[in-house]
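Remarks on the structure that follows.
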There are 4 protein chains.
Amino acid sequence: MKVKKLWEKNYKLRKEVEEFTIGDDYILDQKLIKYDCLASIAHVKMLGKIGILKNWEVKKIVNELSKIIKLDEKGEFIISKEHEDCHTAIENYLTEKLGNLGKKIHVGRSRNDQILTALRLYYKDELENCKVLIQEFILSIKNFVKKYGKIKIPGYTHSRKAMPSSIKLWGSSFIESMEDNLKEINLAIDLINQSPLGTGAGYGIPIIKIDRIYTKKLLNFKKIQNNPIYVQNSRGKFESNILHVLTQIMLDINKIATDLITFSISELGYFSLPKNICTGSSMMPQKVNPDVLELLRAKYHVLISYEFQVKSLIGNLLSGYNRDVQLTKKPIMDGIEITKESLKIATLIMKNLKVNEENCKKGLSQEIYATEKVYKLVLKEGIPFRDAYKIVSEDMKM
Amino acid sequence: MKVKKLWEKNYKLRKEVEEFTIGDDYILDQKLIKYDCLASIAHVKMLGKIGILKNWEVKKIVNELSKIIKLDEKGEFIISKEHEDCHTAIENYLTEKLGNLGKKIHVGRSRNDQILTALRLYYKDELENCKVLIQEFILSIKNFVKKYGKIKIPGYTHSRKAMPSSIKLWGSSFIESMEDNLKEINLAIDLINQSPLGTGAGYGIPIIKIDRIYTKKLLNFKKIQNNPIYVQNSRGKFESNILHVLTQIMLDINKIATDLITFSISELGYFSLPKNICTGSSMMPQKVNPDVLELLRAKYHVLISYEFQVKSLIGNLLSGYNRDVQLTKKPIMDGIEITKESLKIATLIMKNLKVNEENCKKGLSQEIYATEKVYKLVLKEGIPFRDAYKIVSEDMKM
Amino acid sequence: MKVKKLWEKNYKLRKEVEEFTIGDDYILDQKLIKYDCLASIAHVKMLGKIGILKNWEVKKIVNELSKIIKLDEKGEFIISKEHEDCHTAIENYLTEKLGNLGKKIHVGRSRNDQILTALRLYYKDELENCKVLIQEFILSIKNFVKKYGKIKIPGYTHSRKAMPSSIKLWGSSFIESMEDNLKEINLAIDLINQSPLGTGAGYGIPIIKIDRIYTKKLLNFKKIQNNPIYVQNSRGKFESNILHVLTQIMLDINKIATDLITFSISELGYFSLPKNICTGSSMMPQKVNPDVLELLRAKYHVLISYEFQVKSLIGNLLSGYNRDVQLTKKPIMDGIEITKESLKIATLIMKNLKVNEENCKKGLSQEIYATEKVYKLVLKEGIPFRDAYKIVSEDMKM
Amino acid sequence: MKVKKLWEKNYKLRKEVEEFTIGDDYILDQKLIKYDCLASIAHVKMLGKIGILKNWEVKKIVNELSKIIKLDEKGEFIISKEHEDCHTAIENYLTEKLGNLGKKIHVGRSRNDQILTALRLYYKDELENCKVLIQEFILSIKNFVKKYGKIKIPGYTHSRKAMPSSIKLWGSSFIESMEDNLKEINLAIDLINQSPLGTGAGYGIPIIKIDRIYTKKLLNFKKIQNNPIYVQNSRGKFESNILHVLTQIMLDINKIATDLITFSISELGYFSLPKNICTGSSMMPQKVNPDVLELLRAKYHVLISYEFQVKSLIGNLLSGYNRDVQLTKKPIMDGIEITKESLKIATLIMKNLKVNEENCKKGLSQEIYATEKVYKLVLKEGIPFRDAYKIVSEDMKM
């Protein structure tokens, strides 16, 4: 069947321009099919409620949309490049199945509020997924700490041995940090938990009285995002916030990876990873390389660049929809995938990480106890801190 | 008096290295004097409580620290370059006034937890200041909307006229957005509202039993940040979060500035600014330029670069303190100042902004009502949306 | 056939880790097959020259590598996920065809210098392609200027009318800017025009005497990159430089798009684009939107985020190869594609852009001549510039 | 004396707006006084040449401008906040000294081309300074290599021991990299070596015939930047390019710092720094910390954020001058200062760096020779590389 764009008129768009403007959208939107159908079901039910559609019409359309969701679950609803995006693909499917009735679904909304609704439903799901993965990561650290926690290791400042630390202290630091990340995720969810549906292209729906509260309820949004201009202006802004939260998660992973890369070099050897998590060199047979850790480390930087991509491109734009924001889709979707994948791999690493007690003991050389000595002088001999510090300092020939 | 660094030993640091490592710290720390004194007072009281200092010692030190706060309020406590930072300046003052007693203050803490405590007290104050400024900005928009809200203006998408909008719709969009920003600020405050004091250099305080709950209470922190390694690792991480929130605020200001720059060009003329807010050209006598708006617009990008600076520099660093993080001080302090200043200027603009009703009317040309026409066909004639869309489209010779 | 990795040993990498470390490499490397074969041909010939391989061995291997190039041209040499990258895919093919002989190709090199060689050959080709596209873009502007150049338009500063300008002045500004970009591309080519082949994993090839000058000649590099550590350290560094140059090109495109979006709004209407380059709205039938321009504008920001991704992730890394740098492949490859595509689209736009002389004339309102009036007073009446400025200023009731 | 702005008219700018728009300009411009005077001298001479000014007028003005340069050299020409920028400060001085004659200097130019001229003269000088500092840095490495070059050290890949390397190999890698940086600086100088003087506010100078070639010669620019719109549009673009080059320099310094921080930890100890280059801890008396290296490492990230700041803020702006670009002044000036300072400190470090031969020897453990063993098998026993690799691999029980 010939594909028709939702905005098509009596002229053909040039092929090069069409391809350029579509970009990766048709691929990215594959992840949004389910959410766009759910939003459309809510919209159609609302059109029924306010009398725009008849009951049997609503039923028919909802029925077809439910079929699409099932096809999608089986990987059988594929958006082609000609479809441009999930909205056109879905509406074309409906029109094919239902004729004129399929065309009625777009009354009372614009692609501008439609895409935002689908995206937010998708974000909510994915952020919940991230929370589960963080919980699993925390659990893997807890188990690691349960097993090895009592082992003492040197604590470092300035990349140099500083004071005695322990596996427990080290591991728990990441648990606490991840728990703070959960707070940030919760706020991110709270911010996007506002229904944009019913705000049209950014200036409301004229003539007909949309029931926004009804669709909000059906879609399980916490509240309505009231102002239609703000609905549009928050695109990119909310994405920035989500990406920021993801960078905070990735920062913790970056640090755990950095620690493990250094603490597992043969010269220190506090930690080791089983070989089946490491890779080798094509030239040097002895090498057992922590590629997986290096990539985890690097992906933090990928994420921050995604955040700044979104933040940079939404600047200096007039209020209301601008096509520029279409390009926020890829960084946020890729950012979510990278974060989920990284959390899984980090969890796998914590489950397989070993502590080499012998090397840890060796690492606890005497200079690491200098501060304790100072405090003993302070506490037992009543020497002022600054003087005790000097005595120990000179004593160690530092 | 000869200045002594807190870590000074039996050798002199090279002058070039000293200057390089100090950098701007002695200037930036000027803002932290008050907070470092407050933290020191809490610390000293705690040392009294656990018996490290005698009551009269506590009194004497607290007395001198209170004097510093007063000197600072009058702008009379100046950190010199030789002092390196506020901590050394304060401790040198104490030693000068109290002799050996002054040296005792540093027992049970490190500059690492000390600076974090001062910074967080400073952040809390400044974020509260931002909240007040946001409230004032919101109020200025509310008053503006009260005055001009009913005036209709064209709503734009893709920088082109789209549908009818109004001053009220436009202004309110920023109010709603700023209200969401307040939520983000509150979380940022919540995250930093954890006392780092008593965690030393990142691995706790050996030998003596510090009472962290007591200092937490005295300093009005919501809770203790438990893990000393996380305390250090969260430096830069919390700053990132604050800077992210500031960029969200600045994004709204960027958008309001972008709107006003465009909507006030002579060809549109919906808005105008009084001349005493605009600047002129050195060559073209007719020019009345919106420099103030252009700078507001540009400062958003300055803020995102600050966030990126912090996020980039804290990557790939080992757990525990690294001197690199000292460089997070300048972007966060400058970022806070820029945001506060921008909020003030944006408020001033809203208070002085005028709407030119005549031009707004002229702007409401007929194509802006095309969507309404479609909906009338849909509603009154029962034509499917997609067909009605085509009819109007052809009717307008689009 | 069972795929073997170049570094595979007597253990199996965990599937999750394998997938994580491979990432998109097998897809990205599809573009490198040709270049890796060319580099391998040069390498094999050199091994023949220095007596490691016999003549008939060289011939056989070169023959198979040439076949791969031909298969690739027809799109028939596909790297599967199991192959991990182009190097393994190619070596597996050779081993399959040639048995033990296929295994000999990897003597005297590492994947570390191998991938760099392929990448640089690819960069050189693509940067030359960019130069051609820039020339075509310049030509399209020249033709546009030839057609419309004499038409006067208002020149803007601070987004406000300033002084008289012309289509010629406007168009030529982009020509000059693009000519400067060509200089930057030439330097970027010059910098990467150094052969990395023969430096192994970053510390040279032990025992056997590689003839680096011979492979350099065969591959048409300008010189040898001498230091093997620098060879590795320049990965990411050279990519940064290329991406920087691409952002300079995209900045010009961003500006031309920004100008056209504004100068073609109905209120100004200096320019117009044919409909078959614009897109419509799914809700508002009257809309003819410059999506293509908005996306061109936005892609500049995508490019700068790619540059910063590379620059951020290569920081704080030890000398020598680190797996982190694998992640530089995607941003540079995507960056090149986006730039080429944008240049093509920008050229298409210049070829189709129209100037509406009537609207331009209307735009030349009298305030635009204020500066001329000042200069007439200065020149003809000998009034000092600052005084003339004041006179005209007051005259215009500014 | 009452200060007058170059663009001042019959109304007063609000104080808050004035302060906001001036920002740091009056401080930053202190570095531009000399260059603005030199540019003004050329401009005035040209006005004499074309008959706008009489010979005695030229002499008088040039005389006063030369005095300003001398005052500035002694640090006695201070721009006050009321002056706003160097241009107003200088013109006010002239008017004070010369009365009406002082007012004539601004004929035939705008602040827009004036500031660009001063900036480019300043950039040229500073980039030449950078080149000298790079040469000195290279020399310091050469001397270091001369002294210690023969000492063997382990070469690392993936932060793990890989193959034998040497001090010479390591040191020389930075020399080669810095030599490539010089090429990039030269291009950056070449790009800005275009005279913008005489292009006015971006649309040329009306009525009078400016002799741009004459001022170009007097100011020693390589050529004229022809198109006045491009002159304005290149602001920010050229700055981006300079900042990019500076980040390339800082990347090398980041890497040398990263290497030294790791290679000098007590567990490896290949390098050591004299104590008078290191700093201590306020709590741990044993610590000798490489703060100076950590700050060098961190400053790379500061620089890339400056580049990003400029690139982000110049996006989405209309052709012609926009006030936004004023904010490019601070990042470029600070970026230049940081780079110069970092080069000096890096040179100081290389001059004082010591190699601990004993530790280097200890570091050369046997696994580092695995690749050599493979190659011996290949060369002497004719075993295919992949098989030899396996033999050695199994032999080492890897």
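Going by the structure tokens order, chains are called A, B, ..., each with residues numbered from 1, while ligands are numbered from 1 in the order shown.
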
Q) Which residues, written as number ranges by chain, have at least one atom at most 10 Å from stretch 81-88 of chain B, with only C-alpha atoms counted and residues fewer than 5 positions away on the same chain left out? A) B: 2-7, 18-19, 21-37, 40, 93-94, 106, 111, 114-115, 118; D: 282

N, CA, C and O atoms of the current selection, written as a compact mmCIF listing (two decimals), in the first residue's frame:
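Wrote result30.txt, looks like this:
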```
# COMPACT_ATOMS: atom_id res chain seq x y z
N LYS B 2 54.80 35.54 59.61
CA LYS B 2 55.07 34.52 58.60
C LYS B 2 53.87 33.55 58.54
O LYS B 2 53.42 33.03 59.56
N VAL B 3 53.35 33.32 57.33
CA VAL B 3 52.21 32.42 57.16
C VAL B 3 52.68 30.97 57.09
O VAL B 3 53.65 30.65 56.41
N LYS B 4 52.00 30.11 57.82
CA LYS B 4 52.33 28.68 57.74
C LYS B 4 51.18 27.90 57.13
O LYS B 4 50.04 28.01 57.56
N LYS B 5 51.48 27.07 56.14
CA LYS B 5 50.47 26.19 55.57
C LYS B 5 50.14 25.07 56.55
O LYS B 5 51.00 24.66 57.33
N LEU B 6 48.93 24.55 56.47
CA LEU B 6 48.51 23.47 57.38
C LEU B 6 49.35 22.22 57.21
O LEU B 6 49.42 21.38 58.08
N TRP B 7 49.96 22.07 56.05
CA TRP B 7 50.68 20.82 55.78
C TRP B 7 52.19 21.04 55.68
O TRP B 7 52.94 20.17 55.28
N GLU B 18 53.90 26.75 43.98
CA GLU B 18 52.97 27.27 44.97
C GLU B 18 51.88 28.12 44.29
O GLU B 18 50.69 27.93 44.53
N GLU B 19 52.31 29.02 43.47
CA GLU B 19 51.33 29.90 42.80
C GLU B 19 50.40 29.12 41.89
O GLU B 19 49.20 29.38 41.82
N THR B 21 49.51 25.93 42.19
CA THR B 21 48.56 25.07 42.92
C THR B 21 47.52 25.90 43.67
O THR B 21 46.38 25.46 43.83
N ILE B 22 47.90 27.07 44.13
CA ILE B 22 46.91 27.91 44.82
C ILE B 22 45.86 28.43 43.83
O ILE B 22 44.67 28.36 44.09
N GLY B 23 46.35 28.91 42.71
CA GLY B 23 45.41 29.42 41.69
C GLY B 23 44.57 30.54 42.25
O GLY B 23 45.06 31.46 42.91
N ASP B 24 43.27 30.47 42.01
CA ASP B 24 42.33 31.49 42.47
C ASP B 24 41.76 31.19 43.84
O ASP B 24 40.88 31.91 44.32
N ASP B 25 42.21 30.10 44.43
CA ASP B 25 41.56 29.64 45.66
C ASP B 25 41.44 30.72 46.73
O ASP B 25 40.40 30.83 47.39
N TYR B 26 42.47 31.49 46.88
CA TYR B 26 42.43 32.48 47.95
C TYR B 26 41.38 33.56 47.69
O TYR B 26 40.84 34.14 48.64
N ILE B 27 41.06 33.78 46.42
CA ILE B 27 40.00 34.75 46.11
C ILE B 27 38.62 34.10 46.28
O ILE B 27 37.73 34.65 46.91
N LEU B 28 38.49 32.89 45.72
CA LEU B 28 37.20 32.20 45.80
C LEU B 28 36.81 31.95 47.25
O LEU B 28 35.65 32.08 47.63
N ASP B 29 37.80 31.57 48.05
CA ASP B 29 37.51 31.20 49.44
C ASP B 29 36.97 32.37 50.27
O ASP B 29 36.43 32.16 51.36
N GLN B 30 37.14 33.56 49.77
CA GLN B 30 36.62 34.72 50.48
C GLN B 30 35.14 34.52 50.81
O GLN B 30 34.69 34.93 51.87
N LYS B 31 34.43 33.85 49.90
CA LYS B 31 33.00 33.59 50.13
C LYS B 31 32.75 32.50 51.15
O LYS B 31 31.61 32.29 51.57
N LEU B 32 33.79 31.77 51.49
CA LEU B 32 33.60 30.61 52.37
C LEU B 32 33.99 30.88 53.82
O LEU B 32 33.80 30.02 54.69
N ILE B 33 34.56 32.06 54.09
CA ILE B 33 35.07 32.34 55.43
C ILE B 33 34.00 32.10 56.49
O ILE B 33 34.22 31.37 57.46
N LYS B 34 32.86 32.71 56.28
CA LYS B 34 31.77 32.57 57.24
C LYS B 34 31.45 31.09 57.50
O LYS B 34 31.30 30.65 58.64
N TYR B 35 31.32 30.35 56.40
CA TYR B 35 30.90 28.95 56.52
C TYR B 35 31.99 28.10 57.16
O TYR B 35 31.70 27.18 57.93
N ASP B 36 33.23 28.41 56.85
CA ASP B 36 34.32 27.65 57.47
C ASP B 36 34.39 27.95 58.97
O ASP B 36 34.69 27.06 59.77
N CYS B 37 34.11 29.18 59.35
CA CYS B 37 34.08 29.52 60.78
C CYS B 37 32.92 28.80 61.48
O CYS B 37 33.10 28.24 62.57
N SER B 40 33.88 25.33 61.91
CA SER B 40 34.93 25.21 62.92
C SER B 40 34.35 25.35 64.32
O SER B 40 34.78 24.65 65.26
N TYR B 93 45.19 32.97 61.92
CA TYR B 93 44.62 34.02 62.77
C TYR B 93 44.48 33.51 64.20
O TYR B 93 44.86 34.18 65.17
N LEU B 94 43.94 32.30 64.31
CA LEU B 94 43.73 31.72 65.64
C LEU B 94 45.05 31.53 66.38
O LEU B 94 45.18 31.84 67.57
N HIS B 106 42.68 21.74 64.64
CA HIS B 106 42.69 20.84 63.49
C HIS B 106 42.65 19.36 63.89
O HIS B 106 42.59 18.47 63.03
N ARG B 111 41.64 18.89 55.98
CA ARG B 111 41.10 19.90 55.07
C ARG B 111 40.07 19.28 54.12
O ARG B 111 39.21 19.97 53.60
N GLN B 114 36.83 19.33 55.92
CA GLN B 114 36.58 20.71 56.31
C GLN B 114 36.05 21.54 55.14
O GLN B 114 35.04 22.25 55.27
N ILE B 115 36.71 21.44 54.00
CA ILE B 115 36.28 22.24 52.86
C ILE B 115 34.90 21.79 52.38
O ILE B 115 34.05 22.62 52.01
N ALA B 118 32.28 23.41 54.64
CA ALA B 118 32.08 24.83 54.33
C ALA B 118 31.32 25.00 53.01
O ALA B 118 30.39 25.80 52.91
N SER D 282 47.21 18.01 55.38
CA SER D 282 47.06 18.70 56.66
C SER D 282 46.85 17.71 57.80
O SER D 282 46.85 18.06 58.96
```

Residues at most 12 Å from B:Met284, counting only C-alpha atoms, excluding those fewer than 3 positions away in the same chain, as a compact mmCIF listing (two decimals) with N, CA and C atoms, in the first residue's frame?
```txt
# COMPACT_ATOMS: atom_id res chain seq x y z
N THR B 279 20.86 49.07 24.80
CA THR B 279 22.09 49.81 24.53
C THR B 279 22.12 50.22 23.06
N GLY B 280 23.07 51.09 22.74
CA GLY B 280 23.13 51.60 21.38
C GLY B 280 24.35 51.12 20.62
N SER B 281 24.53 51.63 19.43
CA SER B 281 25.68 51.29 18.60
C SER B 281 26.62 52.48 18.54
N LYS B 287 20.12 52.65 16.34
CA LYS B 287 20.01 51.34 16.97
C LYS B 287 19.61 51.40 18.45
N VAL B 288 18.66 50.56 18.81
CA VAL B 288 18.30 50.33 20.20
C VAL B 288 18.38 48.82 20.39
N ASN B 289 19.47 48.37 20.94
CA ASN B 289 19.79 46.94 20.90
C ASN B 289 19.46 46.21 22.19
N TYR C 156 21.59 42.91 9.33
CA TYR C 156 21.17 42.92 10.73
C TYR C 156 22.35 42.86 11.70
N THR C 157 22.22 43.57 12.80
CA THR C 157 23.08 43.30 13.96
C THR C 157 22.14 43.21 15.14
N ARG C 160 18.52 42.94 14.63
CA ARG C 160 17.75 44.12 14.24
C ARG C 160 18.35 44.76 13.00
N LYS C 161 17.52 45.38 12.23
CA LYS C 161 18.00 46.07 11.04
C LYS C 161 19.10 47.05 11.38
N ALA C 162 20.18 47.01 10.60
CA ALA C 162 21.31 47.86 10.92
C ALA C 162 21.68 48.77 9.75
N MET C 163 22.10 48.16 8.65
CA MET C 163 22.57 48.94 7.50
C MET C 163 22.21 48.17 6.23
N PRO C 164 22.29 48.83 5.07
CA PRO C 164 21.96 48.12 3.83
C PRO C 164 22.99 47.01 3.54
N GLU C 367 15.29 53.79 8.52
CA GLU C 367 16.26 53.85 9.63
C GLU C 367 17.57 53.17 9.28
N ILE C 368 17.51 52.35 8.23
CA ILE C 368 18.69 51.60 7.83
C ILE C 368 19.75 52.51 7.19
N TYR C 369 19.35 53.71 6.87
CA TYR C 369 20.28 54.65 6.23
C TYR C 369 20.86 55.69 7.19
N ALA C 370 20.60 55.50 8.48
CA ALA C 370 21.04 56.50 9.47
C ALA C 370 22.55 56.68 9.46
N THR C 371 23.27 55.58 9.36
CA THR C 371 24.73 55.68 9.39
C THR C 371 25.25 56.46 8.18
N GLU C 372 24.65 56.22 7.05
CA GLU C 372 25.04 56.99 5.86
C GLU C 372 24.86 58.48 6.09
N LYS C 373 23.75 58.82 6.75
CA LYS C 373 23.50 60.24 7.04
C LYS C 373 24.60 60.82 7.91
N VAL C 374 24.99 60.07 8.91
CA VAL C 374 26.08 60.53 9.78
C VAL C 374 27.32 60.82 8.95
N TYR C 375 27.67 59.88 8.08
CA TYR C 375 28.89 60.04 7.31
C TYR C 375 28.82 61.20 6.33
N PHE C 385 32.70 63.16 14.05
CA PHE C 385 31.85 61.98 13.98
C PHE C 385 30.87 61.89 15.14
N ARG C 386 31.39 62.06 16.38
CA ARG C 386 30.52 61.89 17.55
C ARG C 386 29.37 62.90 17.58
N ALA C 388 28.06 64.38 14.78
CA ALA C 388 27.17 64.01 13.68
C ALA C 388 26.24 62.88 14.11
N TYR C 389 26.82 61.95 14.82
CA TYR C 389 26.08 60.80 15.35
C TYR C 389 24.92 61.29 16.21
N LYS C 390 25.21 62.27 17.06
CA LYS C 390 24.17 62.81 17.96
C LYS C 390 23.08 63.52 17.19
N ILE C 391 23.50 64.27 16.19
CA ILE C 391 22.52 65.01 15.40
C ILE C 391 21.53 64.05 14.73
N VAL C 392 22.07 63.05 14.05
CA VAL C 392 21.19 62.10 13.36
C VAL C 392 20.33 61.36 14.36
N SER C 393 20.97 60.99 15.46
CA SER C 393 20.25 60.27 16.50
C SER C 393 19.04 61.06 16.98
N MET C 396 16.25 61.41 14.36
CA MET C 396 15.38 60.24 14.17
C MET C 396 14.55 59.96 15.40
N MET C 398 15.43 58.94 18.20
CA MET C 398 15.82 57.67 18.82
C MET C 398 16.12 57.93 20.30
N LEU D 6 30.59 55.30 23.95
CA LEU D 6 30.66 55.62 22.52
C LEU D 6 29.28 55.69 21.87
N TRP D 7 28.32 55.03 22.48
CA TRP D 7 27.00 54.97 21.86
C TRP D 7 25.95 55.76 22.64
N GLU D 8 26.41 56.54 23.60
CA GLU D 8 25.47 57.17 24.53
C GLU D 8 24.56 58.19 23.84
N LYS D 9 23.30 58.22 24.28
CA LYS D 9 22.34 59.16 23.71
C LYS D 9 21.69 59.97 24.83
N HIS D 106 36.83 58.06 15.71
CA HIS D 106 35.91 56.94 15.49
C HIS D 106 35.29 56.97 14.09
N VAL D 107 35.62 57.98 13.30
CA VAL D 107 35.08 58.00 11.96
C VAL D 107 35.66 56.82 11.16
N GLY D 108 34.81 56.15 10.42
CA GLY D 108 35.29 55.07 9.55
C GLY D 108 35.50 53.75 10.23
N ARG D 109 35.01 53.64 11.42
CA ARG D 109 35.06 52.31 12.03
C ARG D 109 33.94 52.19 13.05
N SER D 110 33.72 50.95 13.51
CA SER D 110 32.73 50.65 14.51
C SER D 110 33.44 49.88 15.62
N ARG D 111 32.82 49.84 16.79
CA ARG D 111 33.44 48.99 17.80
C ARG D 111 33.53 47.54 17.34
N ASN D 112 32.65 47.16 16.41
CA ASN D 112 32.64 45.77 15.95
C ASN D 112 33.91 45.36 15.22
N GLY D 200 33.62 48.03 9.54
CA GLY D 200 32.55 48.66 10.30
C GLY D 200 31.77 47.69 11.16
N ALA D 201 30.48 47.89 11.19
CA ALA D 201 29.63 47.09 12.05
C ALA D 201 29.28 45.74 11.42
N GLY D 202 29.79 45.50 10.21
CA GLY D 202 29.51 44.23 9.56
C GLY D 202 28.96 44.41 8.15
N TYR D 203 28.77 45.69 7.76
CA TYR D 203 28.22 45.96 6.44
C TYR D 203 28.99 47.08 5.75
N GLY D 204 30.27 47.18 6.10
CA GLY D 204 31.13 48.16 5.45
C GLY D 204 30.92 49.57 5.98
N ILE D 205 31.73 50.50 5.47
CA ILE D 205 31.66 51.91 5.86
C ILE D 205 31.03 52.67 4.69
N PRO D 206 29.93 53.35 4.95
CA PRO D 206 29.29 54.07 3.83
C PRO D 206 30.00 55.38 3.52
```

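Of all the residues in stretch 147-273 of chain C, the ones DSSP labels as strand (DSSP E or B) from the backbone are C:Lys152, C:Ile153, C:Pro154, C:Gly155, C:Tyr156, C:Thr157, C:Arg160, C:Lys161, C:Ala162, C:Met163, C:Pro164, C:Ser165, C:Ser166, C:Gln194, C:Ser195, C:Lys223, C:Ile224, C:Phe271, C:Ser272.
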
Q: Identify every residue of chain B that has at least one atom within 8 Å of any atom of chain D, counting only C-alpha atoms, and report the result as JSON, numbers by chain.
A: {"B": [6, 7, 8, 9, 11, 12, 13, 14, 16, 17, 20, 21, 109, 110, 111, 200, 201, 275, 276, 277, 278, 279, 280, 281, 282, 283, 285, 291, 292, 294, 295, 297, 298, 299, 301, 302, 304, 305, 306, 308, 309, 312, 313, 322, 323, 324, 325, 327, 341, 345]}

Q.
Show me, as a PyMOL selection string, the residues that have an atom within 12 Å of B:Ser195 when counting only C-alpha atoms, minus same-chain residues fewer than 5 positions from it.
A. chain B and resi 39+42-43+113-121+124+190+211-228+230-232+234

Q.
If I take atom CA of A:Met333 and atom CA of A:Tyr123, how far is one from the other in Å, to one decimal?
A. 8.9 Å

Q) Residues of stretch 150-396 of chain D in alpha helix (DSSP H) according to DSSP, as an NGL selection string? A) :D and (167-192 or 212-218 or 228-233 or 237-263 or 291-313 or 329-352 or 357-363 or 370-381 or 385-395)
